[in-house]
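**Student:** Here you go, one structure.
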Amino acid sequence: MASIACRFGHKLLCGTVQRPILSSRMMSDKTYNLVTVEKVGEKKNVGLITLNSPRTLNALNDAMIGDVRSAAEDLSEDKDIGCVVLTGKGKAFAAGADIKQMQPMTFQSCTMSGFISNWGQMGKRPVIAAVNGYALGGGCELAMMCDIIYASDKAQFGQPEILLGTIPGAGGTQRLTRAVGKSLAMELVLTGDRINAETALAAGLVSKVVEGDKLIEEAIKTAEKIANNSKLTVAIAKEAVDSAFETTLAQGCLFERKLFYSTFATDDRREGMGAFVEKRKANFTDN
Ligand code: CO8
């Protein structure tokens, strides 16, 4: 992979993450304007992307999403990196699409430019959204594009587009409904109300709520567990789970079985089961 510039003050991150877990590396020839990227974790096998426009509550525009996308893709190309954590700097994960950018837009300009159509590419590695504060509108949608969502106890989720005279446009009506069911999704989308982290947990939108200053640390710990597994098997497992959103139960189970069979063609399946039988730790090679 092209190496990635670390433009984030290490000191700042150390304020929220315990030092032994987070170690940043200065990487040389790639810079991003609106996100910062670091390799973190004991083995530096986790990529940490931080939305870095706290003054606007990390409002999402094409440039910001372009940076997220490039960073996620670049991290996916890095053989060291097995998982990515995405978070926001300041009091928001992301307070939505940039309303000031959208305000002059028209139906014609949205249509002709394909507005938002290229949002949502998050690279090949699993991504954990560590939602540190507001995740509203496009911010909530961005979190839901990730594979796992952890929330700080200060997080708030919502799809307030209705209050702006519009509706979610980056998957909110679809992913939120699949995550929390029709009634709550409909309520959030039609009222613009927000829910807090505990409600999001109870509804199944997030899988863990963590005390604010421990959030990144906790997300990195989980990301390290994923990154320590075979990247090949992780990719196959992720594809199997993702297919649950796209297909019927019977087709999904069939697809899963075929993927399961495919793992028997891999070195890592041989190594994993061999290590268990020989009572030793598996040494995966991603083959
Ligand atoms: N866009 C642009 N600027 C924003 C946004 C936003 N979404 N949210 C906050 N800001 C700016 C504010 O304008 C303000 O800037 P300035 O100081 O220059 O006036 C700065 O961030 C701080 O915001 P506030 O002063 O409002 O901070 P508060 O703590 O008082 O309030 C809130 C925080 C409640 C989060 C409030 O800022 C708010 O309601 N923001 C808008 C939330 C919203 O409506 N989000 C949905 C946007 S529409 C959308 O996302 C459509 C999705 C379509 C697809 C997107 C694909 C990803």
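Chain labels A, B, ... are given in the sequence in which chains occur in the structure tokens; within each chain residues are numbered consecutively from 1, and ligands are likewise numbered from 1 in the order shown.
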Which residues, written as a CSV table (one decimal) with all heavy atoms, in the first residue's frame, have at least one atom at most 12 Å from Gly90 in chain A, with only C-alpha atoms counted and residues fewer than 4 positions away on the same chain left out?

**Tutor:**
```
chain,number,residue,atom,x,y,z
A,12,LEU,N,-2.8,14.1,21.2
A,12,LEU,CA,-4.3,14.3,21.3
A,12,LEU,C,-4.9,12.9,21.4
A,12,LEU,O,-5.8,12.7,22.3
A,12,LEU,CB,-4.8,14.9,20.0
A,12,LEU,CG,-6.3,15.1,19.9
A,12,LEU,CD1,-6.7,16.2,20.9
A,12,LEU,CD2,-6.7,15.6,18.5
A,13,LEU,N,-4.5,11.9,20.7
A,13,LEU,CA,-5.1,10.6,20.8
A,13,LEU,C,-4.8,10.0,22.1
A,13,LEU,O,-5.6,9.3,22.7
A,13,LEU,CB,-4.5,9.7,19.6
A,13,LEU,CG,-5.3,9.8,18.3
A,13,LEU,CD1,-4.6,9.1,17.2
A,13,LEU,CD2,-6.7,9.3,18.5
A,16,THR,N,-7.3,10.1,24.8
A,16,THR,CA,-8.4,9.3,24.9
A,16,THR,C,-8.1,7.8,24.8
A,16,THR,O,-9.0,7.0,25.0
A,16,THR,CB,-9.4,9.6,23.7
A,16,THR,OG1,-8.6,9.4,22.5
A,16,THR,CG2,-9.9,11.0,23.8
A,50,THR,N,-9.8,8.9,11.5
A,50,THR,CA,-10.5,9.9,12.4
A,50,THR,C,-11.0,11.0,11.5
A,50,THR,O,-10.2,11.7,10.9
A,50,THR,CB,-9.6,10.4,13.5
A,50,THR,OG1,-9.1,9.3,14.3
A,50,THR,CG2,-10.4,11.3,14.4
A,51,LEU,N,-12.3,11.2,11.5
A,51,LEU,CA,-12.9,12.4,10.8
A,51,LEU,C,-12.4,13.6,11.5
A,51,LEU,O,-12.6,13.7,12.7
A,51,LEU,CB,-14.4,12.3,10.7
A,51,LEU,CG,-15.0,11.0,10.2
A,51,LEU,CD1,-16.6,11.0,10.3
A,51,LEU,CD2,-14.7,10.8,8.8
A,52,ASN,N,-11.8,14.5,10.8
A,52,ASN,CA,-11.1,15.6,11.5
A,52,ASN,C,-11.6,17.0,11.1
A,52,ASN,O,-10.8,17.8,10.6
A,52,ASN,CB,-9.6,15.4,11.2
A,52,ASN,CG,-8.8,16.3,12.1
A,52,ASN,OD1,-9.2,16.8,13.1
A,52,ASN,ND2,-7.5,16.5,11.6
A,53,SER,N,-12.9,17.2,11.2
A,53,SER,CA,-13.4,18.5,11.0
A,53,SER,C,-14.3,18.9,12.2
A,53,SER,O,-15.5,19.1,12.0
A,53,SER,CB,-14.1,18.6,9.6
A,53,SER,OG,-14.5,19.9,9.4
A,54,PRO,N,-13.7,18.9,13.4
A,54,PRO,CA,-14.6,19.1,14.6
A,54,PRO,C,-15.4,20.4,14.6
A,54,PRO,O,-16.5,20.4,15.2
A,54,PRO,CB,-13.6,19.0,15.7
A,54,PRO,CG,-12.3,19.3,15.1
A,54,PRO,CD,-12.3,18.8,13.7
A,55,ARG,N,-14.9,21.4,13.9
A,55,ARG,CA,-15.6,22.7,14.0
A,55,ARG,C,-17.0,22.6,13.3
A,55,ARG,O,-17.9,23.3,13.7
A,55,ARG,CB,-14.7,23.8,13.3
A,55,ARG,CG,-15.0,25.2,13.7
A,55,ARG,CD,-14.3,26.3,12.9
A,55,ARG,NE,-14.6,26.1,11.4
A,55,ARG,CZ,-15.8,26.5,10.9
A,55,ARG,NH1,-16.8,27.0,11.6
A,55,ARG,NH2,-16.0,26.3,9.6
A,56,THR,N,-17.1,21.8,12.3
A,56,THR,CA,-18.4,21.6,11.6
A,56,THR,C,-19.0,20.3,12.1
A,56,THR,O,-19.9,19.8,11.4
A,56,THR,CB,-18.2,21.6,10.1
A,56,THR,OG1,-17.4,20.5,9.8
A,56,THR,CG2,-17.6,22.9,9.6
A,57,LEU,N,-18.6,19.8,13.2
A,57,LEU,CA,-19.1,18.5,13.7
A,57,LEU,C,-18.9,17.4,12.7
A,57,LEU,O,-19.8,16.5,12.5
A,57,LEU,CB,-20.5,18.6,14.2
A,57,LEU,CG,-20.8,19.7,15.2
A,57,LEU,CD1,-22.3,19.7,15.7
A,57,LEU,CD2,-19.9,19.7,16.4
A,58,ASN,N,-17.8,17.4,12.0
A,58,ASN,CA,-17.5,16.4,11.0
A,58,ASN,C,-18.6,16.3,9.9
A,58,ASN,O,-18.8,15.1,9.4
A,58,ASN,CB,-17.1,15.1,11.6
A,58,ASN,CG,-15.9,15.2,12.6
A,58,ASN,OD1,-15.0,15.9,12.2
A,58,ASN,ND2,-16.0,14.6,13.7
A,59,ALA,N,-19.2,17.4,9.5
A,59,ALA,CA,-20.2,17.3,8.5
A,59,ALA,C,-19.6,16.7,7.2
A,59,ALA,O,-18.4,17.0,6.9
A,59,ALA,CB,-20.7,18.7,8.2
A,94,ALA,N,-20.3,12.2,13.2
A,94,ALA,CA,-20.6,13.1,12.1
A,94,ALA,C,-22.0,13.6,12.2
A,94,ALA,O,-22.9,12.7,12.4
A,94,ALA,CB,-20.3,12.4,10.7
A,95,ALA,N,-22.2,14.9,12.1
A,95,ALA,CA,-23.5,15.4,12.3
A,95,ALA,C,-24.3,15.5,10.9
A,95,ALA,O,-25.3,16.2,10.8
A,95,ALA,CB,-23.5,16.8,12.8
A,131,VAL,N,-18.6,5.3,17.5
A,131,VAL,CA,-19.4,6.5,17.5
A,131,VAL,C,-19.3,7.3,18.8
A,131,VAL,O,-19.8,6.9,19.8
A,131,VAL,CB,-20.9,6.2,17.2
A,131,VAL,CG1,-21.7,7.4,17.2
A,131,VAL,CG2,-21.0,5.5,15.8
A,132,ASN,N,-18.5,8.4,18.7
A,132,ASN,CA,-18.1,9.1,19.9
A,132,ASN,C,-19.1,10.2,20.3
A,132,ASN,O,-19.0,10.7,21.4
A,132,ASN,CB,-16.8,9.8,19.7
A,132,ASN,CG,-16.7,10.5,18.3
A,132,ASN,OD1,-16.9,9.9,17.3
A,132,ASN,ND2,-16.5,11.8,18.4
A,133,GLY,N,-20.1,10.5,19.4
A,133,GLY,CA,-21.0,11.6,19.8
A,133,GLY,C,-22.2,11.6,18.8
A,133,GLY,O,-22.7,10.5,18.5
A,134,TYR,N,-22.5,12.8,18.2
A,134,TYR,CA,-23.6,12.8,17.3
A,134,TYR,C,-23.3,11.9,16.0
A,134,TYR,O,-22.3,12.0,15.4
A,134,TYR,CB,-23.8,14.2,16.8
A,134,TYR,CG,-24.3,15.2,17.8
A,134,TYR,CD1,-23.5,16.3,18.2
A,134,TYR,CD2,-25.6,15.1,18.4
A,134,TYR,CE1,-23.9,17.2,19.1
A,134,TYR,CE2,-26.0,16.0,19.4
A,134,TYR,CZ,-25.2,17.0,19.7
A,134,TYR,OH,-25.6,17.9,20.7
A,154,LYS,N,-22.0,8.9,25.2
A,154,LYS,CA,-22.5,10.2,24.8
A,154,LYS,C,-23.1,10.2,23.4
A,154,LYS,O,-23.5,11.3,22.9
A,154,LYS,CB,-21.3,11.2,24.9
A,154,LYS,CG,-20.7,11.4,26.2
A,154,LYS,CD,-19.7,12.5,26.2
A,154,LYS,CE,-19.0,12.6,27.6
A,154,LYS,NZ,-18.2,11.4,27.9
A,155,ALA,N,-23.1,9.1,22.8
A,155,ALA,CA,-23.5,9.0,21.4
A,155,ALA,C,-25.0,9.3,21.2
A,155,ALA,O,-25.8,8.9,22.1
A,155,ALA,CB,-23.1,7.7,20.8
A,212,GLY,N,-17.2,7.0,27.5
A,212,GLY,CA,-16.7,7.9,26.5
A,212,GLY,C,-15.2,7.8,26.2
A,212,GLY,O,-14.7,7.5,25.1
A,213,ASP,N,-14.4,7.9,27.3
A,213,ASP,CA,-12.9,8.0,27.1
A,213,ASP,C,-12.3,6.6,26.8
A,213,ASP,O,-11.1,6.5,26.6
A,213,ASP,CB,-12.2,8.7,28.2
A,213,ASP,CG,-12.4,8.1,29.5
A,213,ASP,OD1,-13.3,7.2,29.6
A,213,ASP,OD2,-11.7,8.5,30.5
```

**Student:** Might you pull out every residue within 9 Å of Ile65 in chain A, with only C-alpha atoms counted and same-chain residues fewer than 6 positions away left off, and present them as a PyMOL selection string?

**Tutor:** chain A and resi 34+118-120

**Student:** Suppose we keep all heavy atoms; can you now write the selection as an mmCIF file, in the first residue's frame?

**Tutor:**
```cif
data_model
loop_
_atom_site.group_PDB
_atom_site.id
_atom_site.type_symbol
_atom_site.label_atom_id
_atom_site.label_comp_id
_atom_site.auth_asym_id
_atom_site.auth_seq_id
_atom_site.Cartn_x
_atom_site.Cartn_y
_atom_site.Cartn_z
ATOM 1 N N LEU A 34 -8.972 15.848 5.362
ATOM 2 C CA LEU A 34 -10.114 15.899 6.285
ATOM 3 C C LEU A 34 -10.218 14.697 7.214
ATOM 4 O O LEU A 34 -11.130 14.625 8.031
ATOM 5 C CB LEU A 34 -11.411 16.064 5.479
ATOM 6 C CG LEU A 34 -11.469 17.388 4.713
ATOM 7 C CD1 LEU A 34 -12.589 17.385 3.687
ATOM 8 C CD2 LEU A 34 -11.642 18.553 5.682
ATOM 9 N N ASN A 118 -21.311 7.579 -4.955
ATOM 10 C CA ASN A 118 -20.057 6.856 -4.706
ATOM 11 C C ASN A 118 -19.706 6.813 -3.217
ATOM 12 O O ASN A 118 -18.609 6.449 -2.836
ATOM 13 C CB ASN A 118 -18.905 7.479 -5.507
ATOM 14 C CG ASN A 118 -18.611 8.887 -5.061
ATOM 15 O OD1 ASN A 118 -19.423 9.483 -4.358
ATOM 16 N ND2 ASN A 118 -17.480 9.421 -5.465
ATOM 17 N N TRP A 119 -20.642 7.229 -2.339
ATOM 18 C CA TRP A 119 -20.386 7.130 -0.913
ATOM 19 C C TRP A 119 -20.603 5.688 -0.481
ATOM 20 O O TRP A 119 -21.404 4.976 -1.089
ATOM 21 C CB TRP A 119 -21.326 8.054 -0.124
ATOM 22 C CG TRP A 119 -21.116 9.520 -0.396
ATOM 23 C CD1 TRP A 119 -20.626 10.065 -1.545
ATOM 24 C CD2 TRP A 119 -21.391 10.613 0.470
ATOM 25 N NE1 TRP A 119 -20.589 11.426 -1.429
ATOM 26 C CE2 TRP A 119 -21.055 11.796 -0.203
ATOM 27 C CE3 TRP A 119 -21.900 10.704 1.776
ATOM 28 C CZ2 TRP A 119 -21.197 13.054 0.363
ATOM 29 C CZ3 TRP A 119 -22.053 11.961 2.338
ATOM 30 C CH2 TRP A 119 -21.707 13.123 1.650
ATOM 31 N N GLY A 120 -19.907 5.264 0.546
ATOM 32 C CA GLY A 120 -20.206 3.940 1.076
ATOM 33 C C GLY A 120 -19.190 2.876 0.718
ATOM 34 O O GLY A 120 -19.343 1.737 1.103
#
```

**Student:** Show me which residues line ligand 1, defined as having an atom within 7 Å of a ligand atom where only C-alpha atoms and all ligand atoms count, and present them as a VMD selection string.

**Tutor:** chain A and resid 55 to 57 59 to 60 95 to 100 116 119 134 136 to 139 141 to 142 159 to 161 164 167 to 170

**Student:** Please dump the current selection as a tab-separated table (two decimals), in the first residue's frame; keep C-alpha atoms.

**Tutor:**
```
chain	number	residue	atom	x	y	z
A	55	ARG	CA	-15.57	22.74	13.97
A	56	THR	CA	-18.36	21.61	11.65
A	57	LEU	CA	-19.09	18.48	13.71
A	59	ALA	CA	-20.18	17.34	8.46
A	60	LEU	CA	-19.79	15.04	5.48
A	95	ALA	CA	-23.54	15.44	12.25
A	96	GLY	CA	-24.70	14.50	8.79
A	97	ALA	CA	-24.16	15.53	5.24
A	98	ASP	CA	-22.90	19.09	4.88
A	99	ILE	CA	-26.14	21.08	4.83
A	100	LYS	CA	-24.33	24.21	3.64
A	116	ILE	CA	-23.78	10.48	-2.93
A	119	TRP	CA	-20.39	7.13	-0.91
A	134	TYR	CA	-23.61	12.79	17.27
A	136	LEU	CA	-27.01	12.11	12.57
A	137	GLY	CA	-28.32	11.83	9.05
A	138	GLY	CA	-25.41	10.88	6.81
A	139	GLY	CA	-23.35	10.35	9.99
A	141	GLU	CA	-25.70	6.22	7.64
A	142	LEU	CA	-21.91	6.22	7.58
A	159	GLN	CA	-32.09	10.54	10.85
A	160	PRO	CA	-33.23	14.17	11.12
A	161	GLU	CA	-33.46	14.79	7.35
A	164	LEU	CA	-34.80	19.73	6.60
A	167	ILE	CA	-35.14	12.11	3.55
A	168	PRO	CA	-32.11	9.89	4.20
A	169	GLY	CA	-30.19	9.33	0.98
A	170	ALA	CA	-27.26	7.07	1.84
```

**Student:** Here is a test: counting only C-alpha atoms, which residue of A:Leu188, A:Met102, A:Glu42, A:Val35 is nearest to Arg69 in chain A?

**Tutor:**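 Checking each of A:Leu188, A:Met102, A:Glu42, A:Val35 against Arg69 in chain A, counting only C-alpha atoms, the winner is A:Val35.
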
**Student:** Would you tabulate, counting only C-alpha atoms, all residues of range 122-149 of chain A that have an atom at most 9 Å from an atom of range 217-220 of chain A, showing the closest pair of atoms and their distance in Å to one decimal, sorted by chain then ascending number, as JSON lines?

**Tutor:**
```
{"residue": "A:Ile128", "atom": "CA", "partner": "A:Ala219", "partner_atom": "CA", "distance": 6.9}
{"residue": "A:Ala129", "atom": "CA", "partner": "A:Ala219", "partner_atom": "CA", "distance": 8.1}
{"residue": "A:Ala130", "atom": "CA", "partner": "A:Ala219", "partner_atom": "CA", "distance": 6.4}
{"residue": "A:Ile149", "atom": "CA", "partner": "A:Ala219", "partner_atom": "CA", "distance": 8.9}
```
